[in-house]
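Listing of query-v9.txt; format and content: compact mmCIF, C-alpha atoms.
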# COMPACT_ATOMS: atom_id res chain seq x y z
CA MET A 1 8.02 -6.72 -4.10
CA ARG A 2 5.80 -4.74 -1.74
CA ILE A 3 2.01 -4.93 -2.08
CA GLY A 4 -0.09 -2.45 -0.11
CA VAL A 5 -3.59 -3.52 0.90
CA ASP A 6 -6.34 -1.25 2.22
CA ILE A 7 -7.56 -2.81 5.46
CA MET A 8 -10.37 -0.28 5.97
CA GLY A 9 -12.15 -0.71 2.63
CA SER A 10 -14.09 -3.93 3.23
CA ASP A 11 -17.85 -3.87 3.79
CA HIS A 12 -17.18 -6.46 6.50
CA GLY A 13 -14.66 -4.41 8.46
CA PRO A 14 -10.90 -4.83 8.97
CA LEU A 15 -11.05 -8.51 9.96
CA VAL A 16 -11.73 -9.80 6.43
CA PRO A 17 -8.74 -8.17 4.69
CA VAL A 18 -6.49 -9.14 7.61
CA ARG A 19 -7.63 -12.75 7.29
CA ALA A 20 -7.05 -12.52 3.55
CA SER A 21 -3.54 -11.20 4.07
CA LEU A 22 -2.74 -14.07 6.42
CA LEU A 23 -4.00 -16.54 3.80
CA ALA A 24 -2.02 -14.81 1.06
CA VAL A 25 1.23 -14.86 3.03
CA LYS A 26 1.07 -18.67 3.03
CA GLU A 27 1.01 -18.74 -0.80
CA LEU A 28 3.30 -15.84 -1.66
CA PRO A 29 7.08 -16.32 -1.97
CA GLU A 30 9.45 -14.83 0.58
CA GLY A 31 10.33 -11.91 -1.67
CA VAL A 32 6.78 -10.53 -1.54
CA ARG A 33 5.91 -8.34 1.44
CA ILE A 34 2.35 -7.29 2.24
CA VAL A 35 1.88 -3.81 3.72
CA LEU A 36 -1.29 -3.48 5.81
CA ILE A 37 -2.68 0.07 5.59
CA GLY A 38 -5.39 1.01 8.07
CA ASN A 39 -6.27 1.76 11.67
CA GLU A 40 -3.29 0.38 13.55
CA GLN A 41 -5.24 -0.80 16.60
CA ALA A 42 -7.85 -2.50 14.41
CA ILE A 43 -5.10 -4.30 12.49
CA HIS A 44 -3.39 -5.54 15.68
CA ASP A 45 -6.74 -6.61 17.14
CA ALA A 46 -7.60 -8.58 14.01
CA LEU A 47 -4.17 -10.22 13.90
CA GLU A 48 -4.48 -11.18 17.56
CA GLN A 49 -7.95 -12.61 16.98
CA GLU A 50 -6.65 -14.72 14.09
CA GLY A 51 -3.44 -15.73 15.84
CA GLY A 52 -1.38 -13.92 13.19
CA ASP A 53 2.16 -12.67 13.71
CA PRO A 54 2.47 -8.88 13.13
CA ALA A 55 6.09 -9.46 12.10
CA LEU A 56 4.85 -11.02 8.86
CA PHE A 57 3.70 -7.60 7.66
CA ASP A 58 4.60 -3.95 7.51
CA ILE A 59 1.86 -1.85 9.09
CA VAL A 60 1.03 1.73 8.13
CA GLY A 61 -1.46 3.43 10.45
CA SER A 62 -4.35 5.48 9.06
CA ARG A 63 -7.10 7.64 10.52
CA ASP A 64 -10.32 9.28 9.39
CA ASP A 65 -10.84 6.68 6.69
CA ILE A 66 -13.02 6.96 3.58
CA GLY A 67 -16.37 5.17 3.75
CA MET A 68 -18.46 3.75 0.91
CA ASN A 69 -20.88 6.69 1.09
CA ASP A 70 -18.25 9.42 1.16
CA ASN A 71 -17.90 11.73 -1.82
CA ALA A 72 -15.03 10.26 -3.84
CA ALA A 73 -13.50 13.46 -5.18
CA LYS A 74 -13.79 15.49 -1.98
CA SER A 75 -12.90 12.83 0.59
CA LEU A 76 -9.56 11.88 -0.94
CA ALA A 77 -8.32 15.45 -0.57
CA ALA A 78 -10.08 16.06 2.75
CA LYS A 79 -8.74 12.85 4.35
CA PRO A 80 -5.01 12.69 3.54
CA GLU A 81 -4.38 10.22 6.39
CA SER A 82 -7.03 7.74 5.22
CA SER A 83 -5.96 4.27 4.14
CA ILE A 84 -6.73 4.97 0.46
CA ALA A 85 -4.87 8.30 0.44
CA LEU A 86 -1.87 6.75 2.19
CA GLY A 87 -1.86 3.81 -0.21
CA PHE A 88 -1.65 6.14 -3.19
CA LYS A 89 1.00 8.27 -1.47
CA LEU A 90 3.22 5.23 -0.85
CA LEU A 91 2.68 3.96 -4.40
CA LYS A 92 3.52 7.36 -5.87
CA GLN A 93 6.69 7.57 -3.77
CA GLY A 94 7.83 4.16 -4.97
CA GLU A 95 7.50 2.54 -1.55
CA LEU A 96 4.93 0.10 -2.94
CA ASP A 97 4.96 -1.88 -6.18
CA ALA A 98 1.16 -2.08 -6.14
CA PHE A 99 -1.81 -0.89 -4.11
CA ALA A 100 -4.97 -3.00 -3.79
CA SER A 101 -8.30 -2.07 -2.20
CA THR A 102 -11.91 -3.22 -1.96
CA GLY A 103 -12.84 0.24 -0.69
CA ASN A 104 -14.71 3.17 -2.21
CA THR A 105 -14.41 2.55 -5.97
CA GLY A 106 -14.91 6.22 -6.81
CA ALA A 107 -12.09 7.23 -4.48
CA MET A 108 -9.84 4.56 -5.98
CA LEU A 109 -10.53 5.83 -9.49
CA VAL A 110 -10.04 9.46 -8.44
CA GLY A 111 -6.75 8.54 -6.77
CA SER A 112 -5.65 6.61 -9.83
CA VAL A 113 -6.25 9.60 -12.10
CA MET A 114 -5.42 12.51 -9.79
CA VAL A 115 -2.49 11.05 -7.82
CA MET A 116 -0.92 8.42 -10.08
CA LYS A 117 -2.00 10.23 -13.28
CA PRO A 118 -2.70 8.60 -16.65
CA MET A 119 0.39 7.52 -18.55
CA PRO A 120 1.48 9.95 -21.27
CA GLY A 121 -0.68 9.32 -24.30
CA VAL A 122 -3.51 7.56 -22.45
CA LEU A 123 -6.77 9.48 -22.82
CA ARG A 124 -8.87 7.59 -20.26
CA PRO A 125 -7.80 4.85 -17.83
CA CYS A 126 -10.25 1.95 -17.68
CA ILE A 127 -11.17 -1.18 -15.75
CA THR A 128 -11.96 -4.70 -16.92
CA SER A 129 -13.99 -7.77 -16.05
CA ILE A 130 -13.38 -11.44 -16.74
CA LEU A 131 -15.58 -13.20 -19.32
CA PRO A 132 -15.60 -16.99 -18.80
CA LYS A 133 -15.62 -18.87 -22.11
CA ALA A 134 -17.45 -22.09 -22.91
CA ASP A 135 -14.16 -23.78 -23.90
CA GLY A 136 -12.67 -23.23 -20.43
CA SER A 137 -10.63 -20.13 -21.30
CA PHE A 138 -11.19 -16.52 -20.27
CA GLY A 139 -11.80 -13.27 -22.07
CA LEU A 140 -11.92 -9.66 -20.94
CA MET A 141 -14.45 -6.85 -21.22
CA VAL A 142 -13.20 -3.27 -21.12
CA ASP A 143 -14.43 -0.75 -19.92
CA VAL A 144 -16.89 -1.85 -17.22
CA GLY A 145 -17.60 1.37 -15.37
CA ALA A 146 -14.76 3.88 -15.23
CA ASN A 147 -15.96 5.88 -18.26
CA ALA A 148 -19.69 6.14 -18.88
CA ASP A 149 -19.25 8.41 -21.90
CA CYS A 150 -16.51 7.78 -24.44
CA LYS A 151 -15.23 9.11 -27.73
CA PRO A 152 -14.19 6.78 -30.58
CA GLU A 153 -10.47 7.32 -29.98
CA VAL A 154 -10.96 6.29 -26.33
CA LEU A 155 -12.51 2.99 -27.40
CA PHE A 156 -9.56 2.49 -29.74
CA GLN A 157 -7.20 2.86 -26.79
CA PHE A 158 -9.32 0.47 -24.73
CA GLY A 159 -8.65 -2.10 -27.44
CA LEU A 160 -4.91 -1.58 -27.09
CA LEU A 161 -4.97 -1.56 -23.27
CA GLY A 162 -7.11 -4.69 -23.14
CA SER A 163 -4.90 -6.45 -25.67
CA LEU A 164 -1.76 -5.70 -23.63
CA PHE A 165 -3.47 -6.91 -20.44
CA ALA A 166 -4.62 -10.15 -22.08
CA LYS A 167 -1.20 -10.77 -23.60
CA HIS A 168 1.06 -10.06 -20.65
CA VAL A 169 -1.08 -11.11 -17.66
CA TYR A 170 -3.21 -13.90 -19.15
CA ARG A 171 -0.56 -15.02 -21.64
CA ILE A 172 -2.78 -14.95 -24.72
CA PRO A 173 -0.17 -14.61 -27.52
CA THR A 174 -2.22 -12.58 -30.03
CA PRO A 175 -5.47 -11.50 -28.35
CA LYS A 176 -8.47 -11.10 -30.63
CA VAL A 177 -10.11 -7.73 -29.99
CA GLY A 178 -13.80 -7.24 -30.79
CA LEU A 179 -16.03 -4.17 -30.57
CA LEU A 180 -19.38 -4.77 -28.83
CA SER A 181 -22.24 -3.74 -31.09
CA ILE A 182 -25.76 -4.72 -32.16
CA GLY A 183 -24.60 -6.65 -35.20
CA GLU A 184 -21.42 -8.15 -36.60
CA GLU A 185 -21.59 -6.07 -39.77
CA GLU A 186 -19.32 -3.00 -39.63
CA LYS A 187 -22.20 -0.71 -40.60
CA LYS A 188 -24.26 -1.82 -37.57
CA GLY A 189 -24.22 0.18 -34.34
CA ASN A 190 -24.63 3.68 -32.97
CA ALA A 191 -22.55 6.72 -33.84
CA LEU A 192 -19.89 5.81 -31.27
CA THR A 193 -19.35 2.21 -32.39
CA LEU A 194 -19.44 3.13 -36.08
CA ALA A 195 -16.72 5.72 -35.59
CA ALA A 196 -14.69 3.45 -33.31
CA HIS A 197 -14.91 0.62 -35.84
CA ALA A 198 -13.52 2.92 -38.53
CA LEU A 199 -10.52 3.70 -36.29
CA MET A 200 -9.89 0.07 -35.35
CA LYS A 201 -10.29 -1.39 -38.83
CA GLY A 202 -6.90 -2.11 -40.34
CA THR A 203 -4.88 -1.08 -37.27
CA ASP A 204 -1.56 -2.82 -36.62
CA ARG A 205 -1.59 -1.90 -32.91
CA PHE A 206 -3.73 -4.90 -31.98
CA ASN A 207 -5.58 -7.81 -33.57
CA PHE A 208 -8.99 -6.30 -34.35
CA ILE A 209 -11.51 -8.89 -35.57
CA GLY A 210 -14.54 -6.59 -36.03
CA ASN A 211 -17.86 -6.30 -34.24
CA VAL A 212 -19.12 -8.84 -31.73
CA GLU A 213 -22.64 -9.19 -30.35
CA GLY A 214 -23.85 -9.93 -26.84
CA ARG A 215 -24.31 -13.61 -27.72
CA ASP A 216 -20.60 -13.86 -28.59
CA LEU A 217 -19.35 -12.90 -25.12
CA PHE A 218 -18.87 -16.45 -23.85
CA HIS A 219 -17.43 -18.00 -27.00
CA ASP A 220 -13.94 -17.79 -28.48
CA LYS A 221 -14.75 -15.20 -31.13
CA ALA A 222 -12.92 -12.47 -29.18
CA ASP A 223 -10.48 -12.47 -26.27
CA VAL A 224 -11.04 -8.77 -25.52
CA VAL A 225 -14.46 -7.12 -25.88
CA VAL A 226 -14.40 -3.33 -26.07
CA CYS A 227 -17.29 -1.04 -25.08
CA ASP A 228 -17.96 2.19 -23.21
CA GLY A 229 -18.13 1.97 -19.41
CA PHE A 230 -21.89 2.51 -19.28
CA THR A 231 -22.61 -0.46 -21.54
CA GLY A 232 -19.95 -2.60 -19.89
CA ASN A 233 -21.24 -1.96 -16.40
CA VAL A 234 -24.81 -2.82 -17.39
CA VAL A 235 -23.58 -6.10 -18.93
CA LEU A 236 -21.47 -6.87 -15.86
CA LYS A 237 -24.27 -6.21 -13.36
CA ALA A 238 -26.74 -8.20 -15.46
CA LEU A 239 -24.38 -11.20 -15.46
CA GLU A 240 -23.82 -10.94 -11.70
CA GLY A 241 -27.57 -10.71 -11.09
CA PHE A 242 -28.29 -13.67 -13.37
CA HIS A 243 -25.61 -15.74 -11.64
CA ASP A 244 -27.10 -15.01 -8.20
CA LEU A 245 -30.62 -15.74 -9.43
CA VAL A 246 -29.90 -19.15 -10.94
CA LYS A 247 -27.79 -20.12 -7.91
CA LYS A 248 -30.73 -19.35 -5.62
CA ARG A 249 -32.90 -21.54 -7.83
CA GLY A 250 -30.58 -24.48 -7.17
CA ALA A 251 -28.58 -24.57 -10.39
CA ASN A 252 -25.24 -26.36 -10.05
CA ASP A 253 -22.97 -26.29 -13.06
CA PRO A 254 -19.15 -25.88 -13.26
CA PHE A 255 -19.44 -23.27 -16.01
CA LEU A 256 -21.87 -21.24 -13.91
CA GLU A 257 -19.38 -21.22 -11.03
CA ARG A 258 -16.86 -19.46 -13.26
CA PHE A 259 -19.11 -16.38 -13.26
CA ASP A 260 -18.61 -15.93 -9.52
CA TYR A 261 -16.47 -12.80 -9.06
CA GLN A 262 -15.11 -14.26 -5.82
CA ASN A 263 -12.83 -16.48 -7.90
CA TYR A 264 -10.93 -13.53 -9.33
CA GLY A 265 -10.64 -10.84 -6.69
CA GLY A 266 -9.96 -7.61 -8.55
CA THR A 267 -9.06 -5.70 -11.69
CA PRO A 268 -6.21 -3.32 -12.48
CA VAL A 269 -6.86 0.26 -13.48
CA LEU A 270 -5.34 0.14 -16.96
CA GLY A 271 -3.48 3.18 -18.22
CA VAL A 272 -2.43 4.88 -14.98
CA ASP A 273 1.20 5.32 -13.97
CA GLY A 274 1.29 2.60 -11.33
CA ASN A 275 -0.20 -0.76 -10.37
CA VAL A 276 -3.63 -0.08 -8.83
CA ILE A 277 -6.02 -3.00 -8.21
CA ILE A 278 -9.71 -2.54 -7.35
CA GLY A 279 -11.92 -5.23 -5.79
CA HIS A 280 -15.52 -5.63 -4.58
CA GLY A 281 -16.37 -4.21 -1.17
CA ILE A 282 -18.48 -7.25 -0.33
CA SER A 283 -15.56 -9.63 -0.96
CA ASN A 284 -14.87 -12.35 1.60
CA GLU A 285 -11.38 -13.29 2.77
CA HIS A 286 -10.85 -15.81 -0.04
CA THR A 287 -11.74 -13.20 -2.66
CA VAL A 288 -9.40 -10.62 -1.15
CA LYS A 289 -6.68 -13.28 -0.94
CA ASN A 290 -7.17 -13.93 -4.66
CA MET A 291 -6.93 -10.19 -5.26
CA LEU A 292 -3.53 -10.11 -3.54
CA LEU A 293 -2.27 -13.14 -5.47
CA PHE A 294 -3.50 -11.54 -8.70
CA THR A 295 -1.77 -8.28 -7.76
CA ARG A 296 1.54 -10.11 -7.55
CA LYS A 297 0.85 -11.58 -11.00
CA VAL A 298 0.21 -8.13 -12.46
CA VAL A 299 3.45 -6.75 -11.00
CA GLU A 300 5.51 -9.71 -12.22
CA SER A 301 4.02 -9.42 -15.72
CA LYS A 302 5.49 -5.90 -15.97
CA LEU A 303 2.16 -4.79 -17.44
CA HIS A 304 2.79 -1.23 -16.33
CA GLU A 305 6.05 -1.10 -18.30
CA ARG A 306 4.50 -2.77 -21.35
CA ILE A 307 1.69 -0.20 -21.48
CA HIS A 308 4.18 2.63 -21.08
CA GLU A 309 6.24 1.29 -24.00
CA ALA A 310 3.15 0.91 -26.21
CA PHE A 311 2.04 4.52 -25.66
CA GLN A 312 5.42 6.17 -26.13
Just give me the structure of the file as structure tokens.
Amino acid sequence: MRIGVDIMGSDHGPLVPVRASLLAVKELPEGVRIVLIGNEQAIHDALEQEGGDPALFDIVGSRDDIGMNDNAAKSLAAKPESSIALGFKLLKQGELDAFASTGNTGAMLVGSVMVMKPMPGVLRPCITSILPKADGSFGLMVDVGANADCKPEVLFQFGLLGSLFAKHVYRIPTPKVGLLSIGEEEKKGNALTLAAHALMKGTDRFNFIGNVEGRDLFHDKADVVVCDGFTGNVVLKALEGFHDLVKKRGANDPFLERFDYQNYGGTPVLGVDGNVIIGHGISNEHTVKNMLLFTRKVVESKLHERIHEAFQ
């Protein structure tokens, strides 16, 4: 297995992802090889600073890399030798089993759709976020930002994609899929959720349990919560802001700690023809390490193949 990691995407510079890769190598089995993609001199300098052996990695040199403020659609085409563009090129050519980055999220999504392409039958690829549950388990929310505007049939597919992710990566045998709305009754909601509910009701493609409300997110009512990317991103950012606020006020609770994104690292782009993992730009080395360990888990789960089979 070969996992490519974007060394130039971190808000903290190349040192953090290099440190993360060195930490990950200690926990990954021998059959997993990390490919460092970025400015070659910066990679060697960071390895030297950390006392890391370059022989532990494959190194692919980049130049003219994509920054956080670059236009996502234009920069990917204008900078073919950037770390993100090279990562997608190697993944497309089959030289990587997965590509992970904490870089420009827009560029990662554009590359996922324009280079890797959605799988046949998938209308809109999507991204997820973990929902910690009060009983110690985890759920998923999908979509959390890739698609601000959705049609009912897209939400239906999110339910299927999220269910496959929960089943094959998180080993939930029969994931319960709920539709986020303003009431549990099927006649509650806006035009989008009403139409999506009608499509999901009675389906045999996944285990649909009906509408869920915001207060249900952290209980075991649903394992997968489906919503459009606009709603999901607002929920996600509100939870992150609330977590940071109560931490600053001195709160110390094990359940609260499970809301810290640094514990999870990244999310796959579900529905594209390859394993693409996106992480936070502000991630520290432990978060990026977790992203790489999670990437291995996604590859080993054969999630990509399972989604392909489901949409044939």
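One finds atom CA of A:Ala85 at 11.5 Å from atom CA of A:Ala73.
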Listed atoms of stretch 61-76 of chain A boxed along x, y and z, 5 Å each side, centre and edge lengths in Å, one decimal, as lines of an AutoDock Vina configuration file:
center_x = -11.2
center_y = 9.5
center_z = 2.7
size_x = 29.4
size_y = 22.1
size_z = 25.7
Is it possible to get the residues within 12 Å of (-18.2, -24.3, -15.5) (coordinates as in the file, counting all atoms listed in the file) written as a ChimeraX atom specification? /A:132-138,218,243,251-260
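The space separating atom CA of A:Leu270 from atom CA of A:Val177 comes to 16.0 Å.
The smallest atom-to-atom distance between A:Val35 and any of A:Lys187, A:Arg2, A:Lys151, A:Arg306, using all atoms listed in the file, is found for A:Arg2.
For the atom pair formed by atom CA of A:Glu186 and atom CA of A:Thr203, the distance is 14.8 Å, given to one decimal.
Distances from A:Glu50, A:Asp149, A:Asp244, A:Asp11 to A:Ser283 were compared using only C-alpha atoms, and the smallest one belongs to A:Asp11.
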Shell of 8 Å around A:Ile66, only C-alpha atoms, local chain residues under 2 positions omitted, as a list in words: Gly9, Asp64, Met68, Asp70, Ser75, Leu76, Lys79, Ser82, Ser83, Ile84, Gly103 and Asn104 of chain A
Excluding A:Val110 and any residue of its chain fewer than 3 positions from it, enumerate the residues within 8 Å of it, using all atoms listed in the file, and give them as JSON, numbers by chain. {"A": [72, 73, 76, 106, 107, 113, 114, 115]}
Which residue is closest to A:Ile34? Choose from A:Leu15, A:Met108, A:Leu155, A:Leu293 and count all atoms listed in the file. A:Leu293
Quick one: residues within 12 Å of A:Cys227, all atoms listed in the file, excluding same-chain residues fewer than 6 positions away - as a PyMOL selection string? chain A and resi 126-129+140-159+162+177-182+189-190+192-194+196-197+211-214+233-236
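If you measure from each of A:Ser301, A:Phe57, A:Leu86, A:Ala238 to A:His44 using only C-alpha atoms, the closest one turns out to be A:Phe57.
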Top pick for closest residue to A:Ser163, considering A:Ala42, A:Leu109, A:Met8, A:Val226 and counting all atoms listed in the file: A:Val226
Please complete stretch 172-183 of chain A so it has all heavy atoms, and hand it over as a PDB file, in the frame of the given file.
ATOM      1  N   ILE A 172      -2.153 -14.670 -23.435  1.00  0.00           N
ATOM      2  CA  ILE A 172      -2.780 -14.950 -24.720  1.00  0.00           C
ATOM      3  C   ILE A 172      -1.866 -14.338 -25.784  1.00  0.00           C
ATOM      4  O   ILE A 172      -1.721 -13.112 -25.830  1.00  0.00           O
ATOM      5  CB  ILE A 172      -4.198 -14.362 -24.805  1.00  0.00           C
ATOM      6  CG1 ILE A 172      -5.067 -14.921 -23.673  1.00  0.00           C
ATOM      7  CG2 ILE A 172      -4.832 -14.654 -26.160  1.00  0.00           C
ATOM      8  CD1 ILE A 172      -6.439 -14.269 -23.571  1.00  0.00           C
ATOM      9  N   PRO A 173      -1.231 -15.133 -26.645  1.00  0.00           N
ATOM     10  CA  PRO A 173      -0.170 -14.610 -27.520  1.00  0.00           C
ATOM     11  C   PRO A 173      -0.612 -13.459 -28.423  1.00  0.00           C
ATOM     12  O   PRO A 173       0.056 -12.428 -28.490  1.00  0.00           O
ATOM     13  CB  PRO A 173       0.225 -15.843 -28.351  1.00  0.00           C
ATOM     14  CG  PRO A 173      -0.190 -17.017 -27.527  1.00  0.00           C
ATOM     15  CD  PRO A 173      -1.426 -16.585 -26.799  1.00  0.00           C
ATOM     16  N   THR A 174      -1.720 -13.629 -29.130  1.00  0.00           N
ATOM     17  CA  THR A 174      -2.220 -12.580 -30.030  1.00  0.00           C
ATOM     18  C   THR A 174      -3.703 -12.396 -29.754  1.00  0.00           C
ATOM     19  O   THR A 174      -4.559 -12.960 -30.448  1.00  0.00           O
ATOM     20  CB  THR A 174      -1.995 -12.947 -31.502  1.00  0.00           C
ATOM     21  OG1 THR A 174      -0.621 -13.307 -31.707  1.00  0.00           O
ATOM     22  CG2 THR A 174      -2.327 -11.764 -32.412  1.00  0.00           C
ATOM     23  N   PRO A 175      -4.065 -11.623 -28.737  1.00  0.00           N
ATOM     24  CA  PRO A 175      -5.470 -11.500 -28.350  1.00  0.00           C
ATOM     25  C   PRO A 175      -6.345 -10.958 -29.476  1.00  0.00           C
ATOM     26  O   PRO A 175      -5.976 -10.004 -30.162  1.00  0.00           O
ATOM     27  CB  PRO A 175      -5.427 -10.522 -27.161  1.00  0.00           C
ATOM     28  CG  PRO A 175      -4.009 -10.557 -26.681  1.00  0.00           C
ATOM     29  CD  PRO A 175      -3.177 -10.816 -27.889  1.00  0.00           C
ATOM     30  N   LYS A 176      -7.493 -11.572 -29.653  1.00  0.00           N
ATOM     31  CA  LYS A 176      -8.470 -11.100 -30.630  1.00  0.00           C
ATOM     32  C   LYS A 176      -9.343 -10.040 -29.971  1.00  0.00           C
ATOM     33  O   LYS A 176      -9.974 -10.304 -28.950  1.00  0.00           O
ATOM     34  CB  LYS A 176      -9.328 -12.268 -31.127  1.00  0.00           C
ATOM     35  CG  LYS A 176      -8.544 -13.341 -31.873  1.00  0.00           C
ATOM     36  CD  LYS A 176      -9.406 -14.551 -32.194  1.00  0.00           C
ATOM     37  CE  LYS A 176      -9.744 -15.339 -30.931  1.00  0.00           C
ATOM     38  NZ  LYS A 176     -10.453 -16.610 -31.207  1.00  0.00           N
ATOM     39  N   VAL A 177      -9.381  -8.854 -30.559  1.00  0.00           N
ATOM     40  CA  VAL A 177     -10.110  -7.730 -29.990  1.00  0.00           C
ATOM     41  C   VAL A 177     -11.371  -7.465 -30.804  1.00  0.00           C
ATOM     42  O   VAL A 177     -11.307  -7.266 -32.024  1.00  0.00           O
ATOM     43  CB  VAL A 177      -9.239  -6.450 -29.968  1.00  0.00           C
ATOM     44  CG1 VAL A 177     -10.032  -5.273 -29.394  1.00  0.00           C
ATOM     45  CG2 VAL A 177      -7.965  -6.691 -29.161  1.00  0.00           C
ATOM     46  N   GLY A 178     -12.531  -7.505 -30.132  1.00  0.00           N
ATOM     47  CA  GLY A 178     -13.800  -7.240 -30.790  1.00  0.00           C
ATOM     48  C   GLY A 178     -14.486  -6.027 -30.192  1.00  0.00           C
ATOM     49  O   GLY A 178     -14.297  -5.702 -29.017  1.00  0.00           O
ATOM     50  N   LEU A 179     -15.284  -5.353 -31.000  1.00  0.00           N
ATOM     51  CA  LEU A 179     -16.030  -4.170 -30.570  1.00  0.00           C
ATOM     52  C   LEU A 179     -17.490  -4.573 -30.351  1.00  0.00           C
ATOM     53  O   LEU A 179     -18.146  -5.076 -31.269  1.00  0.00           O
ATOM     54  CB  LEU A 179     -15.944  -3.079 -31.641  1.00  0.00           C
ATOM     55  CG  LEU A 179     -16.706  -1.778 -31.396  1.00  0.00           C
ATOM     56  CD1 LEU A 179     -16.142  -1.040 -30.182  1.00  0.00           C
ATOM     57  CD2 LEU A 179     -16.640  -0.885 -32.639  1.00  0.00           C
ATOM     58  N   LEU A 180     -18.005  -4.361 -29.149  1.00  0.00           N
ATOM     59  CA  LEU A 180     -19.380  -4.770 -28.830  1.00  0.00           C
ATOM     60  C   LEU A 180     -20.363  -3.858 -29.550  1.00  0.00           C
ATOM     61  O   LEU A 180     -20.331  -2.633 -29.423  1.00  0.00           O
ATOM     62  CB  LEU A 180     -19.605  -4.694 -27.322  1.00  0.00           C
ATOM     63  CG  LEU A 180     -20.951  -5.238 -26.821  1.00  0.00           C
ATOM     64  CD1 LEU A 180     -21.108  -6.720 -27.145  1.00  0.00           C
ATOM     65  CD2 LEU A 180     -21.073  -5.018 -25.304  1.00  0.00           C
ATOM     66  N   SER A 181     -21.260  -4.502 -30.325  1.00  0.00           N
ATOM     67  CA  SER A 181     -22.240  -3.740 -31.090  1.00  0.00           C
ATOM     68  C   SER A 181     -23.522  -4.551 -31.214  1.00  0.00           C
ATOM     69  O   SER A 181     -23.651  -5.628 -30.618  1.00  0.00           O
ATOM     70  CB  SER A 181     -21.668  -3.371 -32.466  1.00  0.00           C
ATOM     71  OG  SER A 181     -22.530  -2.463 -33.141  1.00  0.00           O
ATOM     72  N   ILE A 182     -24.472  -4.048 -31.999  1.00  0.00           N
ATOM     73  CA  ILE A 182     -25.760  -4.720 -32.160  1.00  0.00           C
ATOM     74  C   ILE A 182     -25.807  -5.605 -33.391  1.00  0.00           C
ATOM     75  O   ILE A 182     -26.863  -6.127 -33.743  1.00  0.00           O
ATOM     76  CB  ILE A 182     -26.914  -3.700 -32.196  1.00  0.00           C
ATOM     77  CG1 ILE A 182     -26.736  -2.722 -33.371  1.00  0.00           C
ATOM     78  CG2 ILE A 182     -27.008  -2.953 -30.872  1.00  0.00           C
ATOM     79  CD1 ILE A 182     -27.931  -1.816 -33.591  1.00  0.00           C
ATOM     80  N   GLY A 183     -24.685  -5.775 -34.041  1.00  0.00           N
ATOM     81  CA  GLY A 183     -24.600  -6.650 -35.200  1.00  0.00           C
ATOM     82  C   GLY A 183     -23.147  -6.812 -35.590  1.00  0.00           C
ATOM     83  O   GLY A 183     -22.317  -5.940 -35.308  1.00  0.00           O
TER      84      GLY A 183
END
